[in-house]
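What follows is a short report on a single structure.
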Amino acid sequence: MSAGGGRPPLAGGARGALALLVFALLTALAAGGAAAALDLAEADGRPGLGLEDIRRRFGGDPAGSALVRRLAGPDGAHVADPIRRAGLLEWALAPGRPDFDAAAHRAAFEAEWAAVVGRDCRPCHGPDAARPLLRYADLEPYLAPPVGPPFRRLAARTARILGLGSLLLLAAAALGVAAGFRGGRPPAILVGPAAAGLLVEEAGVWAVRLTGAGAVLVPAGALLAAGGLVLLLLAALRGLLLPPPDRNRSR
Ligand code: HEC
């Protein structure tokens with residue numbers, strides 16, 4: 001931090017503070033990205049993050065409710081008796097059928113399935129578990145097959161895009177300040193890829209409701225946005241940490 005002559009005395013401290021801000025932004029972005037990926041993963045009931053997870057998360061899953069997915073996937077195996085397992089899956093599929101009778105469904109749970117769930121699901125979904133699922137009321141939220149667009153999720157996505165857009169503006173401002181230190185103008189074009197990525201990602205989330213192929217846009221947009229932001233922040237850091245060019249030397 002001793003490089004460069006003729007700079008105002010405040011510059012060193014301000015540069016340090018800005019470098020810290022840029023570092024904090026990068027860390028926040030990495031943490032947010034990881035959290036978002038974790039949130040998406042296994043939406044299709046299988047481990048790992050894939051396009052199907054994105055399609056299910058934002059496009060809904062016409063094949064069945066969350067309970068059906070769990071029972072057809074990893075959690076079904078915990079019902080040791082195959083006949084009981086098939087019966088429980090059959091019971092879970094009922095709410096998606098046109099002749100669904102809610103009262104009979106609940107009665108069947110109390111008469112037959114409460115005991116099975118109480119024994120086979122208890123190890124992970126007992127009363128003290130993070131997600132207790134032993135009573136009908138506990139299971140009810142997972143019974144309904146998704147119908148219509150999950151607007152709350154889409155609204156949350158849009159809020160996230162707005163938040164990331166603000167981050168982008170902050171990063172662009174940091175770049176502007178950094179360029180100021182170097183006595184140049186900020187390369188405005190650097191904001192482009194990140195902004196385009198955000199738009200592509202958001203467009204993908206909405207497109208996925210119309211066509212499953214839209215799921216490709218989500219990771220593509222996220223990558224573009226993340227790459228663009230990293231580029232932007234690196235340019236800002238470079239401007240902050242490198243000494244300003246010597247004006248007297250001709251280029
Ligand atoms: C060995 C542990 C284990 C057992 C046994 C188990 N589950 Fe799960 N279950 C999980 C885990 C892990 C998750 C995902 C994490 C979470 O959200 O709790 C989960 C999630 C769920 C969900 C939520 C799905 C969603 O999309 O949010 C339902 C419904 C479910 N389980 C039903 C059952 C039923 C019914 C049984 C009994 C047949 C059962 N589970 C047995 C571990 C288990």
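Following the order of the structure tokens, first chain is A, next is B, and so on, with residues numbered from 1 inside each chain and ligands from 1 in the order they appear.
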
Which residues are close to Ala172 of chain A, i.e. within 8 Å by only C-alpha atoms, leaving aside same-chain residues fewer than 2 positions away? Reply as a short mmCIF file (atom, residue, chain, number, x, y, z; two decimals) with N, CA and C atoms, in the first residue's frame.
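And here's result22.cif as it stands now:
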data_model
loop_
_atom_site.label_atom_id
_atom_site.label_comp_id
_atom_site.auth_asym_id
_atom_site.auth_seq_id
_atom_site.Cartn_x
_atom_site.Cartn_y
_atom_site.Cartn_z
N LEU A 168 -24.93 -5.81 -8.47
CA LEU A 168 -24.24 -5.50 -9.71
C LEU A 168 -23.96 -4.00 -9.80
N LEU A 169 -24.96 -3.20 -9.41
CA LEU A 169 -24.77 -1.75 -9.42
C LEU A 169 -23.65 -1.34 -8.47
N LEU A 170 -23.65 -1.97 -7.27
CA LEU A 170 -22.60 -1.68 -6.29
C LEU A 170 -21.23 -2.01 -6.86
N ALA A 174 -18.09 0.35 -7.55
CA ALA A 174 -16.72 0.09 -7.08
C ALA A 174 -15.74 0.20 -8.23
N LEU A 175 -16.16 -0.35 -9.37
CA LEU A 175 -15.29 -0.29 -10.55
C LEU A 175 -15.07 1.17 -10.96
N GLY A 176 -16.14 1.95 -10.91
CA GLY A 176 -16.03 3.37 -11.27
C GLY A 176 -15.03 4.08 -10.36
N ALA A 188 -17.42 0.45 -19.01
CA ALA A 188 -18.83 0.17 -18.72
C ALA A 188 -19.28 -1.17 -19.30
N VAL A 191 -20.11 -4.44 -17.25
CA VAL A 191 -21.37 -4.72 -16.54
C VAL A 191 -22.26 -5.60 -17.40
N LEU A 232 -16.13 -8.34 -13.36
CA LEU A 232 -16.33 -6.96 -12.93
C LEU A 232 -15.56 -6.68 -11.64
#

Inset, instruction - May I ask you to write as number ranges by chain all residues lying at most 8 Å from ligand 1, with only C-alpha atoms and all ligand atoms counted? - result: A: 43, 45, 66-71, 74-79, 85, 88, 116-117, 120-125, 130-131, 133, 139, 142-143

Save out the residues we just selected, N, CA and C atoms, as an mmCIF file, in the first residue's frame.
data_model
loop_
_atom_site.group_PDB
_atom_site.id
_atom_site.type_symbol
_atom_site.label_atom_id
_atom_site.label_comp_id
_atom_site.auth_asym_id
_atom_site.auth_seq_id
_atom_site.Cartn_x
_atom_site.Cartn_y
_atom_site.Cartn_z
ATOM 1 N N ALA A 43 -34.661 -31.709 -5.938
ATOM 2 C CA ALA A 43 -36.082 -31.408 -6.139
ATOM 3 C C ALA A 43 -36.759 -32.568 -6.852
ATOM 4 N N GLY A 45 -36.023 -35.661 -6.251
ATOM 5 C CA GLY A 45 -35.962 -36.841 -5.395
ATOM 6 C C GLY A 45 -34.685 -37.640 -5.577
ATOM 7 N N ALA A 66 -45.141 -34.033 -3.443
ATOM 8 C CA ALA A 66 -43.830 -34.212 -2.824
ATOM 9 C C ALA A 66 -43.758 -35.572 -2.127
ATOM 10 N N LEU A 67 -44.873 -35.989 -1.517
ATOM 11 C CA LEU A 67 -44.886 -37.276 -0.817
ATOM 12 C C LEU A 67 -44.706 -38.425 -1.809
ATOM 13 N N VAL A 68 -45.377 -38.327 -2.965
ATOM 14 C CA VAL A 68 -45.234 -39.375 -3.987
ATOM 15 C C VAL A 68 -43.785 -39.472 -4.429
ATOM 16 N N ARG A 69 -43.156 -38.316 -4.631
ATOM 17 C CA ARG A 69 -41.763 -38.322 -5.062
ATOM 18 C C ARG A 69 -40.867 -38.975 -4.019
ATOM 19 N N ARG A 70 -41.110 -38.631 -2.755
ATOM 20 C CA ARG A 70 -40.274 -39.203 -1.692
ATOM 21 C C ARG A 70 -40.489 -40.706 -1.605
ATOM 22 N N LEU A 71 -41.741 -41.137 -1.730
ATOM 23 C CA LEU A 71 -42.033 -42.568 -1.576
ATOM 24 C C LEU A 71 -41.538 -43.363 -2.783
ATOM 25 N N PRO A 74 -36.160 -42.042 -2.477
ATOM 26 C CA PRO A 74 -35.329 -42.585 -1.386
ATOM 27 C C PRO A 74 -36.127 -43.097 -0.175
ATOM 28 N N ASP A 75 -37.255 -42.432 0.160
ATOM 29 C CA ASP A 75 -37.895 -42.767 1.435
ATOM 30 C C ASP A 75 -38.782 -44.004 1.374
ATOM 31 N N GLY A 76 -39.202 -44.389 0.157
ATOM 32 C CA GLY A 76 -40.057 -45.574 0.031
ATOM 33 C C GLY A 76 -39.369 -46.811 0.567
ATOM 34 N N ALA A 77 -38.049 -46.863 0.377
ATOM 35 C CA ALA A 77 -37.288 -48.049 0.771
ATOM 36 C C ALA A 77 -37.363 -48.314 2.269
ATOM 37 N N HIS A 78 -37.749 -47.275 3.044
ATOM 38 C CA HIS A 78 -37.798 -47.475 4.499
ATOM 39 C C HIS A 78 -39.015 -48.277 4.933
ATOM 40 N N VAL A 79 -39.972 -48.442 4.032
ATOM 41 C CA VAL A 79 -41.097 -49.331 4.331
ATOM 42 C C VAL A 79 -40.672 -50.726 3.886
ATOM 43 N N ARG A 85 -45.560 -50.964 1.203
ATOM 44 C CA ARG A 85 -44.920 -49.856 0.479
ATOM 45 C C ARG A 85 -45.782 -49.460 -0.715
ATOM 46 N N LEU A 88 -48.993 -47.746 0.513
ATOM 47 C CA LEU A 88 -48.778 -46.379 0.981
ATOM 48 C C LEU A 88 -48.606 -45.435 -0.212
ATOM 49 N N VAL A 116 -48.007 -47.551 9.962
ATOM 50 C CA VAL A 116 -46.839 -47.814 9.107
ATOM 51 C C VAL A 116 -45.873 -46.622 9.156
ATOM 52 N N VAL A 117 -46.452 -45.426 8.978
ATOM 53 C CA VAL A 117 -45.638 -44.209 9.007
ATOM 54 C C VAL A 117 -45.005 -44.054 10.401
ATOM 55 N N ASP A 120 -42.106 -46.799 10.337
ATOM 56 C CA ASP A 120 -41.030 -46.786 9.335
ATOM 57 C C ASP A 120 -40.475 -45.385 9.056
ATOM 58 N N CYS A 121 -41.248 -44.373 9.307
ATOM 59 C CA CYS A 121 -40.774 -43.015 9.010
ATOM 60 C C CYS A 121 -40.259 -42.329 10.271
ATOM 61 N N ARG A 122 -40.611 -42.881 11.424
ATOM 62 C CA ARG A 122 -40.267 -42.243 12.697
ATOM 63 C C ARG A 122 -38.779 -41.956 12.886
ATOM 64 N N PRO A 123 -37.891 -42.876 12.463
ATOM 65 C CA PRO A 123 -36.464 -42.613 12.702
ATOM 66 C C PRO A 123 -36.020 -41.235 12.205
ATOM 67 N N CYS A 124 -36.590 -40.757 11.116
ATOM 68 C CA CYS A 124 -36.162 -39.463 10.573
ATOM 69 C C CYS A 124 -37.238 -38.387 10.682
ATOM 70 N N HIS A 125 -38.482 -38.765 10.856
ATOM 71 C CA HIS A 125 -39.569 -37.780 10.872
ATOM 72 C C HIS A 125 -40.394 -37.875 12.153
ATOM 73 N N ALA A 130 -36.537 -32.484 12.479
ATOM 74 C CA ALA A 130 -36.669 -31.175 11.835
ATOM 75 C C ALA A 130 -37.971 -31.121 11.038
ATOM 76 N N ARG A 131 -38.395 -32.274 10.506
ATOM 77 C CA ARG A 131 -39.619 -32.321 9.713
ATOM 78 C C ARG A 131 -40.477 -33.481 10.224
ATOM 79 N N LEU A 133 -43.390 -35.905 10.590
ATOM 80 C CA LEU A 133 -44.379 -36.268 9.560
ATOM 81 C C LEU A 133 -45.226 -37.459 9.995
ATOM 82 N N LEU A 139 -48.524 -34.423 7.134
ATOM 83 C CA LEU A 139 -48.317 -34.899 5.764
ATOM 84 C C LEU A 139 -49.107 -34.081 4.745
ATOM 85 N N TYR A 142 -47.753 -32.057 1.867
ATOM 86 C CA TYR A 142 -46.983 -32.779 0.849
ATOM 87 C C TYR A 142 -47.861 -33.655 -0.021
ATOM 88 N N LEU A 143 -49.174 -33.591 0.220
ATOM 89 C CA LEU A 143 -50.085 -34.487 -0.491
ATOM 90 C C LEU A 143 -50.542 -33.928 -1.823
#

Inset, instruction - Considering only C-alpha atoms, return as an MDAnalysis selection string whatever protein or nucleic-acid residues lie within 12 Å of Gly165 of chain A, sequence-local ones (same chain, fewer than 5 positions apart) excluded. - result: chainID A and resid 158:160 170:172 191:192 194:199 202 225:226 229

Output of the above residues as a PDB file, in the first residue's frame, restricted to C-alpha atoms:
ATOM      1  CA  THR A 158     -37.777 -11.939  -9.047  1.00  0.00           C
ATOM      2  CA  ALA A 159     -36.925 -10.353  -5.697  1.00  0.00           C
ATOM      3  CA  ARG A 160     -33.618 -12.223  -5.809  1.00  0.00           C
ATOM      4  CA  LEU A 170     -22.602  -1.685  -6.290  1.00  0.00           C
ATOM      5  CA  ALA A 171     -19.867  -3.612  -8.072  1.00  0.00           C
ATOM      6  CA  ALA A 172     -20.120  -1.245 -11.027  1.00  0.00           C
ATOM      7  CA  VAL A 191     -21.367  -4.717 -16.543  1.00  0.00           C
ATOM      8  CA  GLY A 192     -22.930  -6.250 -19.662  1.00  0.00           C
ATOM      9  CA  ALA A 194     -23.484 -10.086 -15.611  1.00  0.00           C
ATOM     10  CA  ALA A 195     -26.627  -8.090 -16.388  1.00  0.00           C
ATOM     11  CA  ALA A 196     -27.368 -10.261 -19.436  1.00  0.00           C
ATOM     12  CA  GLY A 197     -26.826 -13.390 -17.324  1.00  0.00           C
ATOM     13  CA  LEU A 198     -29.338 -12.221 -14.721  1.00  0.00           C
ATOM     14  CA  LEU A 199     -31.921 -11.581 -17.428  1.00  0.00           C
ATOM     15  CA  GLU A 202     -34.866 -15.058 -14.859  1.00  0.00           C
ATOM     16  CA  ALA A 225     -24.074 -13.699 -14.379  1.00  0.00           C
ATOM     17  CA  ALA A 226     -21.525 -15.193 -11.980  1.00  0.00           C
ATOM     18  CA  LEU A 229     -19.696 -10.388 -11.788  1.00  0.00           C
TER      19      LEU A 229
END

Inset, instruction - Compare A:Arg56, A:Arg135, A:Arg157, A:Arg238 by their minimum atom-to-atom distance to Phe181 of chain A, counting only C-alpha atoms, and give me the closest one. - result: A:Arg238

Legend entry - Minimum-distance residue to Gly183 of chain A, chosen among A:Leu240, A:Ala36, A:Ala103, A:Ala115 (using only C-alpha atoms):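 Under the stated criterion, the closest residue is A:Leu240.
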
Inset, instruction - Have a look at atom CA of Val200 of chain A and atom CA of Leu217 of chain A and let me know their distance in Å, one decimal. - result: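 Separation between atom CA of Val200 of chain A and atom CA of Leu217 of chain A: 6.3 Å.
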